[in-house]
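Visitor: I'd like to ask you about the structure that follows.
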Amino acid sequence: VDGNKSITATFAINTYTLTVTPGANGAVNRSPVQATYDHGTTVTLTAVPDVGYHLVAWGGDASGSANPLPVVMDGDKTITATFAINTYTLSVPIVGDGSVARNPDQATYVHGSTVDLTPTAAGGHTFLNWSGDATGSATPLTVVMDADKVVTANFDVSLNGSVTGAGTVTRNPDQATYLPGASVLLTATPAPTYHFVNWSGDASGSANPLKVTLDNTKNIVANFSFV
């Protein structure tokens with residue numbers, strides 16, 4: 001030191017870069033959008049998958065699958081986003097007497113794939129229509145998988161009856177087959193010296209007449225006993 005001196009020190013906040021690399025089938029938006037960020041700045045990254053895709057995970061200097069993702073800038077960062085195609089399930093409940101074949105027959109289907117459903121009625125029955133996530137009666141039915149779907153196949157149903165002991169049962173209406181959900185009234189009439197005891201099979205109790213709702217094919221027995 002050769003004399004009085006005045007010295008100053010100047011400091012500046014650190015600035016960092018954020019490199020974001022989205023994978024195929026999606027994009028990533030950032031807020032705020034800047035070339036560099038001051039230390040401690042929070043940047044919000046929002047993954048925007050293409051239609052039919054979803055964010056799987058962040059990589060590089062981030063992890064997990066939170067979306068949006070807050071990133072605190074405390075250094076230069078490189079973050080990647082990985083996307084994958086959506087997969088969906090297809091359920092095909094059966095109402096009535098029949099079956100449905102699917103092609104292809106898989107546990108899950110990727111977004112945009114198609115599945116052909118072909119109904120086959122059981123002996124003496126008829127395919128009626130589709131309901132749920134499909135309508136109409138086209139056979140085969142082509143289903144485009146863009147979400148989880150439930151497609152119900154509706155066939156007509158039967159009411160099968162028998163008796164134990166001696167007696168008869170009349171039904172109203174009396175038809176060979178019925179639409180699912182139809183109501184039928186059964187009336188048990190005992191033969192002379194017999195009395196009606198109860199219903200069994202797909203019915204119970206001793207109400208007479210008995211109202212039966214046919215949500216599927218039913219087998220009902222009328223039980224008569226000697227007086």
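Going by the structure tokens order, chains are called A, B, ..., each with residues numbered from 1, while ligands are numbered from 1 in the order shown.
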Using DSSP on the backbone coordinates, identify the residues of region 1-221 of chain A assigned to strand (DSSP E or B); present them as a PyMOL selection string.
Guide: chain A and resi 15-16+18-22+26-31+37-38+42-49+53-60+69-72+77-85+87-88+90-91+94-95+98-103+109-110+114-121+127-132+141-144+149-155+157+159-164+167-172+178+182-190+194-201+210-214+218-221
Visitor: With only C-alpha atoms as the counted atoms, please give the residues lying no more than 9 Å from Val71 (chain A), apart from itself and same-chain residues fewer than 5 positions off, as a ChimeraX atom specification.
Guide: /A:41-45,62
Visitor: What are the closest atom pairs, with distances in Å to one decimal, for all residues of region 58-139 of chain A lying within 10 Å of region 160-183 of chain A? Consider only C-alpha atoms, order rows by chain and residue number, and present the result as a tab-separated table.
Guide:
residue	atom	partner	partner_atom	distance
A:Val95	CA	A:Pro180	CA	7.0
A:Gly96	CA	A:Pro180	CA	6.5
A:Asp97	CA	A:Pro180	CA	9.9
A:Gly124	CA	A:Thr177	CA	8.6
A:His125	CA	A:Thr177	CA	7.4
A:Thr126	CA	A:Thr177	CA	9.0
A:Leu128	CA	A:Leu179	CA	8.4
Visitor: Using only C-alpha atoms, find the one residue out of A:Ser63, A:Ser206, A:Asn14, A:Thr21 that sits nearest to Gly40 (chain A).
Guide: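 Between A:Ser63, A:Ser206, A:Asn14, A:Thr21, the residue approaching Gly40 (chain A) most closely is A:Asn14.
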Visitor: Given the choices A:Ser225, A:His54, A:Gln106, A:Asp156, which gets closest to Ala121 (chain A) if the distance is worked out from only C-alpha atoms?
Guide: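 Of the candidates, the smallest distance to Ala121 (chain A) is held by A:Asp156.
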Visitor: So that I can check the surroundings of region 82-94 of chain A, please list as number ranges by chain every protein, DNA and RNA residue that reaches within 8 Å of it, counting only C-alpha atoms and ignoring chain neighbours fewer than 4 positions away.
Guide: A: 22-26, 49, 52-59, 98-100, 107-111, 145-155
Visitor: For a test of reading the model, state the distance in Å between CA of Ala101 (chain A) and CA of Leu117 (chain A), rounded to one decimal.
Guide: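 We find that CA of Ala101 (chain A) and CA of Leu117 (chain A) lie 5.7 Å from each other.
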